[in-house]
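S.K.: Here you go, upload03.txt (compact mmCIF, C-alpha atoms and all ligand atoms):
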# COMPACT_ATOMS: atom_id res chain seq x y z
CA MET A 1 7.17 -21.04 11.84
CA ILE A 2 10.06 -21.60 9.50
CA VAL A 3 9.97 -21.19 5.73
CA SER A 4 13.00 -22.46 3.87
CA ILE A 5 14.41 -20.83 0.80
CA HIS A 6 16.22 -23.12 -1.54
CA LEU A 7 17.68 -21.70 -4.73
CA GLU A 8 18.51 -24.67 -6.90
CA ASN A 9 19.64 -22.74 -9.92
CA SER A 10 22.13 -20.52 -8.18
CA SER A 11 24.77 -22.64 -6.50
CA SER A 12 22.22 -24.31 -4.17
CA VAL A 13 21.85 -21.46 -1.69
CA GLU A 14 19.69 -22.36 1.28
CA TYR A 15 18.45 -20.31 4.20
CA ALA A 16 15.61 -20.18 6.67
CA VAL A 17 13.03 -17.47 7.31
CA THR A 18 11.95 -17.74 10.94
CA ILE A 19 8.64 -16.16 11.91
CA ASP A 20 8.58 -16.05 15.69
CA ARG A 21 9.92 -14.05 18.64
CA LEU A 22 13.51 -13.08 17.87
CA PRO A 23 15.70 -15.93 19.20
CA LYS A 24 19.20 -15.66 20.70
CA LEU A 25 21.65 -15.15 17.86
CA SER A 26 25.18 -16.41 18.45
CA PHE A 27 28.18 -15.69 16.25
CA ASP A 28 31.84 -16.57 16.66
CA THR A 29 32.70 -13.55 14.50
CA LYS A 30 32.51 -9.76 14.57
CA VAL A 31 29.07 -8.37 13.85
CA ALA A 32 27.87 -4.95 12.70
CA ILE A 33 24.23 -3.92 12.96
CA ILE A 34 23.16 -1.49 10.24
CA THR A 35 20.17 0.58 11.29
CA ASN A 36 18.72 4.09 11.38
CA PRO A 37 17.92 6.46 14.29
CA THR A 38 14.16 5.78 14.15
CA VAL A 39 14.47 2.02 14.50
CA SER A 40 17.44 2.15 16.82
CA LYS A 41 15.66 4.41 19.32
CA LEU A 42 12.68 2.07 19.46
CA HIS A 43 14.17 -1.39 19.24
CA LEU A 44 17.97 -1.57 19.24
CA ASP A 45 18.18 -2.63 22.90
CA ALA A 46 15.84 -5.54 22.21
CA LEU A 47 18.03 -6.70 19.33
CA ILE A 48 21.33 -6.27 21.20
CA SER A 49 20.04 -8.27 24.16
CA GLN A 50 19.64 -11.27 21.84
CA ILE A 51 23.13 -11.11 20.31
CA ASN A 52 26.17 -12.98 21.38
CA CYS A 53 29.33 -12.30 19.35
CA LYS A 54 33.04 -11.41 19.40
CA ASP A 55 32.74 -7.72 18.84
CA LEU A 56 29.53 -5.81 18.20
CA HIS A 57 29.38 -2.55 16.23
CA ILE A 58 26.46 -0.34 15.39
CA VAL A 59 26.40 1.63 12.15
CA THR A 60 23.62 4.19 12.02
CA ILE A 61 22.63 5.80 8.74
CA PRO A 62 20.03 8.54 8.18
CA ASP A 63 16.40 7.45 7.82
CA GLY A 64 14.77 7.74 4.41
CA GLU A 65 14.58 6.51 0.85
CA LYS A 66 16.57 9.58 -0.24
CA TYR A 67 19.62 8.17 1.54
CA LYS A 68 19.35 4.86 -0.32
CA ASN A 69 22.26 5.68 -2.59
CA LEU A 70 25.91 4.86 -3.29
CA ASP A 71 27.17 7.66 -1.02
CA THR A 72 25.55 5.99 1.97
CA VAL A 73 26.95 2.61 0.94
CA VAL A 74 30.43 4.16 0.81
CA ASP A 75 29.86 5.60 4.32
CA ILE A 76 28.86 2.18 5.64
CA LEU A 77 31.87 0.53 3.98
CA ASP A 78 34.19 3.14 5.53
CA GLU A 79 32.77 2.40 8.98
CA LEU A 80 33.25 -1.33 8.47
CA PHE A 81 36.90 -0.77 7.53
CA ASN A 82 37.37 1.59 10.49
CA LYS A 83 36.03 -1.09 12.79
CA LYS A 84 38.29 -3.65 11.10
CA LEU A 85 35.63 -6.12 10.14
CA ASP A 86 37.14 -9.11 8.37
CA ARG A 87 35.95 -11.52 5.72
CA LYS A 88 34.19 -13.70 8.29
CA SER A 89 32.28 -10.82 9.89
CA GLN A 90 28.53 -10.56 9.50
CA LEU A 91 26.13 -7.67 9.01
CA ILE A 92 22.65 -7.48 10.46
CA ALA A 93 20.10 -5.36 8.57
CA PHE A 94 17.82 -3.90 11.22
CA GLY A 95 15.04 -1.75 9.77
CA GLY A 96 12.67 -1.53 6.84
CA GLY A 97 13.30 -2.30 3.19
CA VAL A 98 15.64 0.67 2.76
CA ILE A 99 18.02 -0.66 5.41
CA GLY A 100 17.62 -4.23 4.15
CA ASP A 101 18.38 -3.41 0.52
CA MET A 102 21.40 -1.28 1.43
CA THR A 103 22.83 -3.65 4.01
CA GLY A 104 22.58 -6.58 1.60
CA PHE A 105 24.27 -4.61 -1.13
CA THR A 106 27.04 -3.44 1.22
CA ALA A 107 27.56 -7.03 2.39
CA SER A 108 27.94 -8.12 -1.23
CA LEU A 109 30.73 -5.54 -1.70
CA TYR A 110 32.75 -5.65 1.51
CA GLN A 111 35.92 -7.59 0.75
CA ARG A 112 34.05 -9.21 -2.17
CA GLY A 113 31.22 -10.42 0.01
CA ILE A 114 30.49 -11.17 3.66
CA GLY A 115 27.43 -12.74 5.25
CA PHE A 116 24.38 -10.78 6.30
CA ILE A 117 21.17 -11.41 8.20
CA GLN A 118 17.84 -9.70 7.81
CA VAL A 119 15.84 -8.58 10.84
CA PRO A 120 13.06 -6.62 9.10
CA THR A 121 11.00 -4.18 11.18
CA THR A 122 8.32 -2.98 8.74
CA LEU A 123 5.49 -5.15 7.48
CA LEU A 124 6.56 -4.49 3.90
CA ALA A 125 10.07 -5.69 4.64
CA GLN A 126 8.76 -8.73 6.56
CA VAL A 127 6.50 -9.94 3.76
CA ASP A 128 8.49 -8.83 0.77
CA ALA A 129 11.82 -6.98 0.80
CA SER A 130 13.75 -9.14 3.28
CA VAL A 131 13.23 -12.35 1.32
CA GLY A 132 14.63 -13.14 -2.11
CA GLY A 133 18.01 -11.46 -2.24
CA LYS A 134 17.38 -8.37 -4.32
CA THR A 135 19.69 -5.73 -2.89
CA GLY A 136 20.67 -2.31 -4.13
CA VAL A 137 20.36 1.45 -4.19
CA ASN A 138 18.80 4.24 -6.26
CA ASN A 139 20.57 6.78 -8.44
CA LYS A 140 19.53 9.79 -10.49
CA PHE A 141 18.33 7.51 -13.28
CA GLY A 142 15.84 5.64 -11.14
CA LYS A 143 15.07 3.32 -8.27
CA ASN A 144 17.05 0.16 -7.49
CA LEU A 145 19.07 0.47 -10.69
CA ILE A 146 22.36 -0.38 -8.99
CA GLY A 147 22.58 -3.60 -7.05
CA ALA A 148 23.16 -7.30 -6.81
CA PHE A 149 21.31 -10.52 -6.25
CA TYR A 150 22.77 -11.43 -2.90
CA GLN A 151 20.95 -13.73 -0.50
CA PRO A 152 20.99 -13.33 3.30
CA LYS A 153 22.21 -16.15 5.55
CA ALA A 154 18.95 -16.02 7.49
CA VAL A 155 15.84 -13.89 8.01
CA TYR A 156 14.22 -13.37 11.43
CA ILE A 157 10.71 -11.95 11.43
CA ASP A 158 9.34 -10.83 14.78
CA THR A 159 5.93 -9.15 14.60
CA ASN A 160 6.51 -7.42 17.96
CA PHE A 161 8.68 -4.89 16.13
CA LEU A 162 5.58 -3.83 14.20
CA ASP A 163 3.88 -2.49 17.35
CA THR A 164 5.53 0.88 16.81
CA LEU A 165 4.97 1.07 13.06
CA PRO A 166 2.80 4.03 11.91
CA PRO A 167 -0.61 2.76 10.64
CA ARG A 168 0.01 4.03 7.12
CA GLU A 169 3.24 2.02 6.90
CA PHE A 170 1.40 -1.05 8.16
CA SER A 171 -1.29 -0.68 5.49
CA ALA A 172 1.36 -0.24 2.81
CA GLY A 173 2.68 -3.68 3.70
CA ILE A 174 -0.81 -5.16 3.42
CA ALA A 175 -1.00 -4.03 -0.21
CA GLU A 176 1.92 -6.37 -1.01
CA ILE A 177 0.18 -9.19 0.89
CA ILE A 178 -3.01 -8.71 -1.12
CA LYS A 179 -0.86 -8.70 -4.27
CA MET A 180 0.49 -12.17 -3.43
CA ALA A 181 -2.97 -13.57 -2.69
CA VAL A 182 -4.56 -12.30 -5.91
CA MET A 183 -1.70 -13.62 -8.03
CA PHE A 184 -1.21 -17.03 -6.49
CA ASP A 185 -3.72 -18.24 -3.94
CA SER A 186 -7.49 -17.77 -3.84
CA ASP A 187 -7.87 -19.58 -0.47
CA TYR A 188 -5.39 -17.14 1.02
CA PHE A 189 -7.41 -14.27 -0.47
CA ASP A 190 -10.63 -15.68 1.07
CA PHE A 191 -8.84 -15.97 4.41
CA LEU A 192 -7.62 -12.36 4.20
CA GLU A 193 -11.13 -11.07 3.64
CA SER A 194 -12.15 -12.09 7.14
CA ALA A 195 -8.74 -12.00 8.87
CA ASP A 196 -8.18 -9.70 11.84
CA LEU A 197 -4.59 -8.59 11.35
CA SER A 198 -4.45 -6.90 14.74
CA ASN A 199 -4.36 -10.43 16.15
CA LYS A 200 -0.67 -11.46 16.27
CA VAL A 201 -1.36 -15.16 15.73
CA ILE A 202 -3.32 -14.41 12.58
CA LEU A 203 -0.81 -11.81 11.44
CA GLU A 204 2.03 -14.34 11.74
CA LYS A 205 0.05 -16.84 9.72
CA VAL A 206 -0.56 -14.24 7.03
CA ILE A 207 3.10 -13.19 6.94
CA ALA A 208 4.19 -16.83 6.75
CA ARG A 209 1.93 -17.52 3.77
CA SER A 210 3.22 -14.44 1.98
CA VAL A 211 6.82 -15.47 2.61
CA GLU A 212 6.03 -19.02 1.46
CA LEU A 213 4.60 -17.73 -1.79
CA LYS A 214 7.54 -15.41 -2.33
CA ALA A 215 9.93 -18.29 -1.60
CA TRP A 216 8.07 -20.49 -4.08
CA VAL A 217 8.49 -17.80 -6.75
CA VAL A 218 12.13 -16.95 -5.99
CA ASN A 219 13.10 -20.62 -5.81
CA GLN A 220 11.97 -20.99 -9.38
CA ASP A 221 13.29 -17.73 -10.74
CA GLU A 222 15.84 -15.91 -8.59
CA LYS A 223 16.96 -13.45 -11.27
CA GLU A 224 13.55 -12.51 -12.65
CA ALA A 225 13.74 -14.17 -16.04
CA GLY A 226 10.11 -15.28 -15.80
CA ILE A 227 7.65 -15.85 -12.97
CA ARG A 228 9.35 -13.48 -10.49
CA ALA A 229 8.00 -10.64 -12.63
CA VAL A 230 4.52 -11.58 -11.39
CA LEU A 231 5.48 -9.91 -8.08
CA ASN A 232 5.14 -6.68 -10.05
CA TYR A 233 1.33 -6.96 -10.14
CA GLY A 234 0.04 -3.41 -9.64
CA HIS A 235 3.56 -2.04 -9.93
CA THR A 236 3.56 -1.00 -13.59
CA PHE A 237 0.90 1.62 -12.82
CA ALA A 238 2.31 2.27 -9.33
CA HIS A 239 5.74 3.25 -10.65
CA VAL A 240 4.21 5.86 -12.95
CA ILE A 241 2.04 7.22 -10.11
CA GLU A 242 5.09 7.41 -7.81
CA ASN A 243 7.04 9.15 -10.55
CA GLU A 244 4.23 11.65 -11.33
CA THR A 245 3.76 12.50 -7.66
CA LYS A 246 7.56 12.65 -7.14
CA TYR A 247 7.48 9.95 -4.44
CA LYS A 248 5.94 12.49 -2.06
CA GLU A 249 2.22 11.81 -2.03
CA TYR A 250 2.04 8.04 -1.63
CA LEU A 251 3.97 5.37 0.18
CA HIS A 252 5.06 2.62 -2.21
CA GLY A 253 2.40 0.20 -0.96
CA GLU A 254 -0.28 2.86 -1.38
CA ALA A 255 0.73 3.41 -4.99
CA VAL A 256 0.65 -0.37 -5.46
CA ALA A 257 -2.93 -0.47 -4.12
CA ILE A 258 -3.99 2.09 -6.72
CA GLY A 259 -1.98 0.23 -9.36
CA ILE A 260 -3.80 -3.01 -8.52
CA VAL A 261 -7.17 -1.36 -9.01
CA MET A 262 -6.05 0.15 -12.33
CA VAL A 263 -4.59 -3.04 -13.76
CA ASN A 264 -7.70 -4.95 -12.62
CA ARG A 265 -9.71 -2.62 -14.80
CA LEU A 266 -7.46 -3.59 -17.70
CA ALA A 267 -7.96 -7.28 -16.86
CA TYR A 268 -11.70 -6.69 -16.89
CA GLU A 269 -11.52 -5.08 -20.34
CA LEU A 270 -9.65 -8.17 -21.54
CA GLY A 271 -12.23 -10.53 -20.03
CA LEU A 272 -9.84 -11.98 -17.44
CA ILE A 273 -11.71 -10.93 -14.31
CA SER A 274 -15.33 -10.29 -13.34
CA ILE A 275 -16.82 -7.14 -11.83
CA LYS A 276 -17.49 -9.12 -8.67
CA GLU A 277 -13.84 -10.19 -8.33
CA MET A 278 -12.68 -6.67 -9.05
CA ASN A 279 -14.97 -5.35 -6.32
CA ARG A 280 -13.77 -7.94 -3.79
CA ILE A 281 -10.13 -6.90 -4.31
CA GLU A 282 -10.97 -3.22 -4.09
CA ALA A 283 -13.05 -3.78 -0.93
CA LEU A 284 -10.14 -5.59 0.74
CA LEU A 285 -7.77 -2.72 -0.08
CA ILE A 286 -10.28 -0.19 1.26
CA LYS A 287 -10.78 -2.26 4.42
CA HIS A 288 -7.11 -1.67 5.12
CA SER A 289 -7.35 2.08 4.51
CA LEU A 290 -5.47 1.93 1.23
CA PRO A 291 -6.15 4.44 -1.57
CA VAL A 292 -7.82 2.99 -4.66
CA SER A 293 -8.13 5.85 -7.11
CA TYR A 294 -5.90 8.32 -8.85
CA LYS A 295 -6.81 11.08 -11.25
CA VAL A 296 -4.72 10.72 -14.41
CA LYS A 297 -4.05 14.30 -15.49
CA ASN A 298 -2.64 13.64 -18.91
CA ILE A 299 -3.30 10.25 -20.48
CA ASP A 300 -0.58 10.48 -23.13
CA SER A 301 2.15 11.46 -20.71
CA PHE A 302 1.05 8.80 -18.19
CA TYR A 303 1.19 6.22 -20.98
CA ASP A 304 4.63 7.36 -22.12
CA LYS A 305 5.98 6.96 -18.59
CA PHE A 306 5.33 3.21 -18.74
CA PHE A 307 8.38 2.99 -20.96
CA LEU A 308 10.68 4.48 -18.30
CA ASP A 309 10.28 1.28 -16.29
CA LYS A 310 13.40 -0.86 -16.51
CA LYS A 311 11.13 -3.87 -16.76
CA SER A 312 9.57 -2.69 -20.02
CA ALA A 313 12.06 -4.53 -22.21
CA ASN A 314 12.23 -3.89 -25.98
CA SER A 315 9.83 -0.96 -25.64
CA LYS A 316 6.96 -3.33 -24.87
CA ILE A 317 5.01 -2.78 -21.68
CA LYS A 318 4.68 -5.95 -19.67
CA PHE A 319 1.45 -6.08 -17.70
CA ILE A 320 0.87 -8.57 -14.90
CA LEU A 321 -2.84 -9.22 -14.82
CA PRO A 322 -5.08 -11.25 -12.55
CA ASN A 323 -6.79 -14.15 -14.26
CA GLY A 324 -9.59 -14.48 -11.77
CA ILE A 325 -8.48 -14.37 -8.12
CA GLY A 326 -5.52 -16.69 -7.48
CA ASN A 327 -4.13 -16.84 -11.02
CA PHE A 328 -2.05 -14.53 -13.14
CA GLU A 329 -1.46 -13.73 -16.76
CA MET A 330 1.52 -11.86 -18.24
CA ARG A 331 0.85 -9.85 -21.38
CA ASP A 332 3.07 -7.53 -23.38
CA ASP A 333 0.85 -7.23 -26.44
CA ILE A 334 -2.03 -5.13 -25.17
CA ASP A 335 -3.29 -2.56 -27.62
CA GLU A 336 -2.44 1.04 -26.77
CA LYS A 337 -6.10 1.99 -27.33
CA ILE A 338 -7.32 -0.38 -24.60
CA ILE A 339 -4.72 0.85 -22.14
CA LYS A 340 -5.63 4.48 -22.82
CA ARG A 341 -9.33 3.66 -22.44
CA VAL A 342 -8.58 2.31 -18.96
CA LEU A 343 -6.55 5.41 -18.11
CA ARG A 344 -9.52 7.53 -19.10
N1 LIG A 401 14.51 -6.21 -2.12
C1 LIG A 401 13.25 -6.38 -2.45
O1 LIG A 401 12.85 -7.43 -2.93
C2 LIG A 401 12.30 -5.27 -2.17
C3 LIG A 401 10.93 -5.50 -2.26
C4 LIG A 401 10.07 -4.46 -1.95
C5 LIG A 401 10.59 -3.22 -1.56
N2 LIG A 401 11.94 -3.03 -1.49
C6 LIG A 401 12.50 -1.73 -1.08
O2 LIG A 401 12.10 -1.50 0.25
C7 LIG A 401 12.03 -0.10 0.48
C8 LIG A 401 10.75 0.21 1.21
O3 LIG A 401 10.75 -0.46 2.43
P1 LIG A 401 9.85 0.01 3.66
O4 LIG A 401 8.46 0.20 3.19
O5 LIG A 401 10.13 -0.92 4.76
O6 LIG A 401 10.39 1.48 3.93
P2 LIG A 401 11.50 2.07 4.96
O7 LIG A 401 12.62 1.15 5.12
O8 LIG A 401 11.77 3.45 4.50
O9 LIG A 401 10.69 2.13 6.33
C9 LIG A 401 9.57 2.98 6.43
C10 LIG A 401 9.69 3.89 7.67
O10 LIG A 401 9.39 3.13 8.83
C11 LIG A 401 10.42 3.31 9.80
N3 LIG A 401 10.42 2.10 10.62
C12 LIG A 401 10.98 0.92 10.33
N4 LIG A 401 10.65 0.01 11.27
C13 LIG A 401 9.90 0.66 12.18
C14 LIG A 401 9.26 0.25 13.38
N5 LIG A 401 9.31 -1.02 13.79
N6 LIG A 401 8.56 1.18 14.08
C15 LIG A 401 8.47 2.45 13.64
N7 LIG A 401 9.03 2.89 12.50
C16 LIG A 401 9.75 1.99 11.78
C17 LIG A 401 11.64 3.56 8.99
O11 LIG A 401 12.66 4.15 9.74
C18 LIG A 401 11.08 4.46 7.88
O12 LIG A 401 10.97 5.77 8.34
C19 LIG A 401 12.15 0.57 -0.87
O13 LIG A 401 13.43 1.13 -0.98
C20 LIG A 401 11.99 -0.56 -1.87
O14 LIG A 401 12.70 -0.37 -3.05
C21 LIG A 401 12.78 -4.03 -1.79
ZN ZN A 402 6.31 -3.39 -4.14
Transcribe the structure of this file into structure tokens.
Ligand SMILES: NC(=O)c1ccc[n+]([C@@H]2O[C@H](COP(=O)([O-])OP(=O)(O)OC[C@H]3O[C@@H](n4cnc5c(N)ncnc54)[C@H](O)[C@@H]3O)[C@@H](O)[C@H]2O)c1
Ligand SMILES: [Zn+2]

M.R.:
Amino acid sequence: MIVSIHLENSSSVEYAVTIDRLPKLSFDTKVAIITNPTVSKLHLDALISQINCKDLHIVTIPDGEKYKNLDTVVDILDELFNKKLDRKSQLIAFGGGVIGDMTGFTASLYQRGIGFIQVPTTLLAQVDASVGGKTGVNNKFGKNLIGAFYQPKAVYIDTNFLDTLPPREFSAGIAEIIKMAVMFDSDYFDFLESADLSNKVILEKVIARSVELKAWVVNQDEKEAGIRAVLNYGHTFAHVIENETKYKEYLHGEAVAIGIVMVNRLAYELGLISIKEMNRIEALLIKHSLPVSYKVKNIDSFYDKFFLDKKSANSKIKFILPNGIGNFEMRDDIDEKIIKRVLR
């Protein structure tokens, strides 16, 4: 399956997302694969066997979100200069979203920008992070605060890489899939309720639909001036939960699952969603072993943390709410009292 990305507003960028076994990749340039020890041990041979190029280099960086910073980017850049990559050379991001975000950002910087390709190996990166061109790193002020919109030349999604993914990481990716379905496509949601994601054919179909929806959103709004913000459904609450638990207790997708349940409650209070719809979404999250509750210790401090989010412009909190299953509503005018009632 191939999904094409076409960004009309930004200099007509076009690229394809291929969902299939990894094909032979041929380059008439130098190539550097950016990966980490976990992924490289499991799958690097499989990737290398598919690559044909002038000169192949491997750059390995430590595994973990805590290394997603400028220091690591500088290390990668140094390696690329040591290996004498030129302006035509290409990078391949081989790993999860951490590798993808950092490789894209490094590609945007090296000699003012070289091409890069995404070969995502986590479900979250396959359905979300590898598509859309948001690249960047964290710093002491927060997550993803330094970066660039920089699109890959191509994305290759091969579900065989997911065979080695820990179950919790797999479920975390499903949370982002459920997010897409609730926001944009009720048929897709219905399908997910009965889908067996351990079946590769079905899994590929599900990934393809998620990528299609993300492409549809990004094509309209690459730089998040409007509809792209809808991809943050569940995230306003999730970011506070991640912050309160110091990114240690929950994987990102797990926090998103809890955030979805919390913001659904808010949607219910506002008359946007029924109890039955709320229960269906929660049941689907639970079916995939995702957490759905979180004890708010201090309502006032939880509420105040909403304002740390870089997306809360002009000190208004923007909530992305479901409007039934398959539709969304963006609101930044919700009364503090209602929000605090939900937190209670
Ligand atoms: N750019 C975007 O639009 C976007 C969207 C969502 C998330 N993100 C970013 O993505 C990151 C999260 O991505 P993630 O969830 O993929 O985390 P990750 O990259 O940290 O990967 C999770 C873990 O799985 C390991 N792993 C990767 N592939 C594996 C495989 N096939 N088998 C076994 N283990 C494997 C990794 O080494 C890591 O330990 C965050 O930094 C987030 O900010 C970016
Ligand atoms: Zn997310």

S.K.: Do you have the CA of Thr122 (chain A)-CA of Val3 (chain A) distance handy?

M.R.: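 Rounded to one decimal, the two atoms are 18.5 Å apart.
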
S.K.: Give me, as a count of residues only, the set of residues whose atoms come within 12 Å of any atom of ligand ZN 402 (chain A), counting all atoms listed in the file.

M.R.: 41

S.K.: Could you name the residues that touch Val217 (chain A) at 6 Å or less, counting only C-alpha atoms, but leaving out those on the same chain fewer than 3 positions away, as an NGL selection string?

M.R.: :A and (214 or 220 or 228)

S.K.: I want to know what sits within 8 Å of region 75-80 of chain A, based on all atoms listed in the file, with residues of the same chain fewer than 2 positions away left out; could you give that as a list of chain:residue names?

M.R.: A:Ala32, A:Val59, A:Ile61, A:Asp71, A:Thr72, A:Val73, A:Asn82, A:Lys83, A:Lys84, A:Leu85, A:Thr106, A:Tyr110

S.K.: Could you please take those selected residues and save C-alpha atoms as a compact mmCIF listing (two decimals), in the frame of the given file?

M.R.:
# COMPACT_ATOMS: atom_id res chain seq x y z
CA ALA A 32 27.87 -4.95 12.70
CA VAL A 59 26.40 1.63 12.15
CA ILE A 61 22.63 5.80 8.74
CA ASP A 71 27.17 7.66 -1.02
CA THR A 72 25.55 5.99 1.97
CA VAL A 73 26.95 2.61 0.94
CA ASN A 82 37.37 1.59 10.49
CA LYS A 83 36.03 -1.09 12.79
CA LYS A 84 38.29 -3.65 11.10
CA LEU A 85 35.63 -6.12 10.14
CA THR A 106 27.04 -3.44 1.22
CA TYR A 110 32.75 -5.65 1.51

S.K.: Can you work out which residues are within 6 Å of ligand LIG 401 (chain A), considering only C-alpha atoms and all ligand atoms, and then hand them over as a list in words?

M.R.: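 Counting only C-alpha atoms and all ligand atoms, the residues within 6 Å of ligand LIG 401 (chain A) come out as Thr38, Val39, Asp63, Gly64, Glu65, Gly95, Gly96, Gly97, Val98, Ile99, Asp101, Thr121, Thr122, Leu124, Ala125, Asp128, Ala129, Lys134, Thr135, Phe161, Leu162, Thr164 and Leu165 of chain A.
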
S.K.: Tell me which protein, DNA and RNA residues are within 8 Å of Asn264 (chain A), counting all atoms listed in the file, leaving out same-chain ones fewer than 5 positions away, and put them as a list in words.

M.R.: Ile273, Met278, Leu321 and Pro322 of chain A

S.K.: Pick out the closest residue to Glu224 (chain A) from this set: A:Glu244, A:Lys88, A:Phe149, A:Val292. Count only C-alpha atoms.

M.R.: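 With only C-alpha atoms as the atom set, the closest residue is A:Phe149.
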
S.K.: What does the structure give for the distance between CA of Met1 (chain A) and CA of Thr18 (chain A), in Å to one decimal?

M.R.: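 These atoms are spaced 5.9 Å apart.
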
S.K.: For Ser171 (chain A), which residue out of A:Lys287, A:Arg280, A:Lys140, A:Arg87 is the nearest one, using all atoms listed in the file?

M.R.: A:Lys287

S.K.: Can you tell me which residues surround Val155 (chain A) at a distance of at most 9 Å, considering all atoms listed in the file, apart from same-chain residues fewer than 5 positions away, and format the answer as a list of chain:residue names?

M.R.: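 After dropping sequence-adjacent residues, the list is A:Tyr15, A:Ala16, A:Val17, A:Thr18, A:Ile19, A:Ile117, A:Gln118, A:Val119, A:Pro120, A:Gln126, A:Ser130, A:Val131.
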
S.K.: Identify which of the residues A:Glu277, A:Leu145, A:Asp20, A:Ile34 lies closest to Ser186 (chain A), counting only C-alpha atoms when measuring atom-to-atom distances.

M.R.: A:Glu277
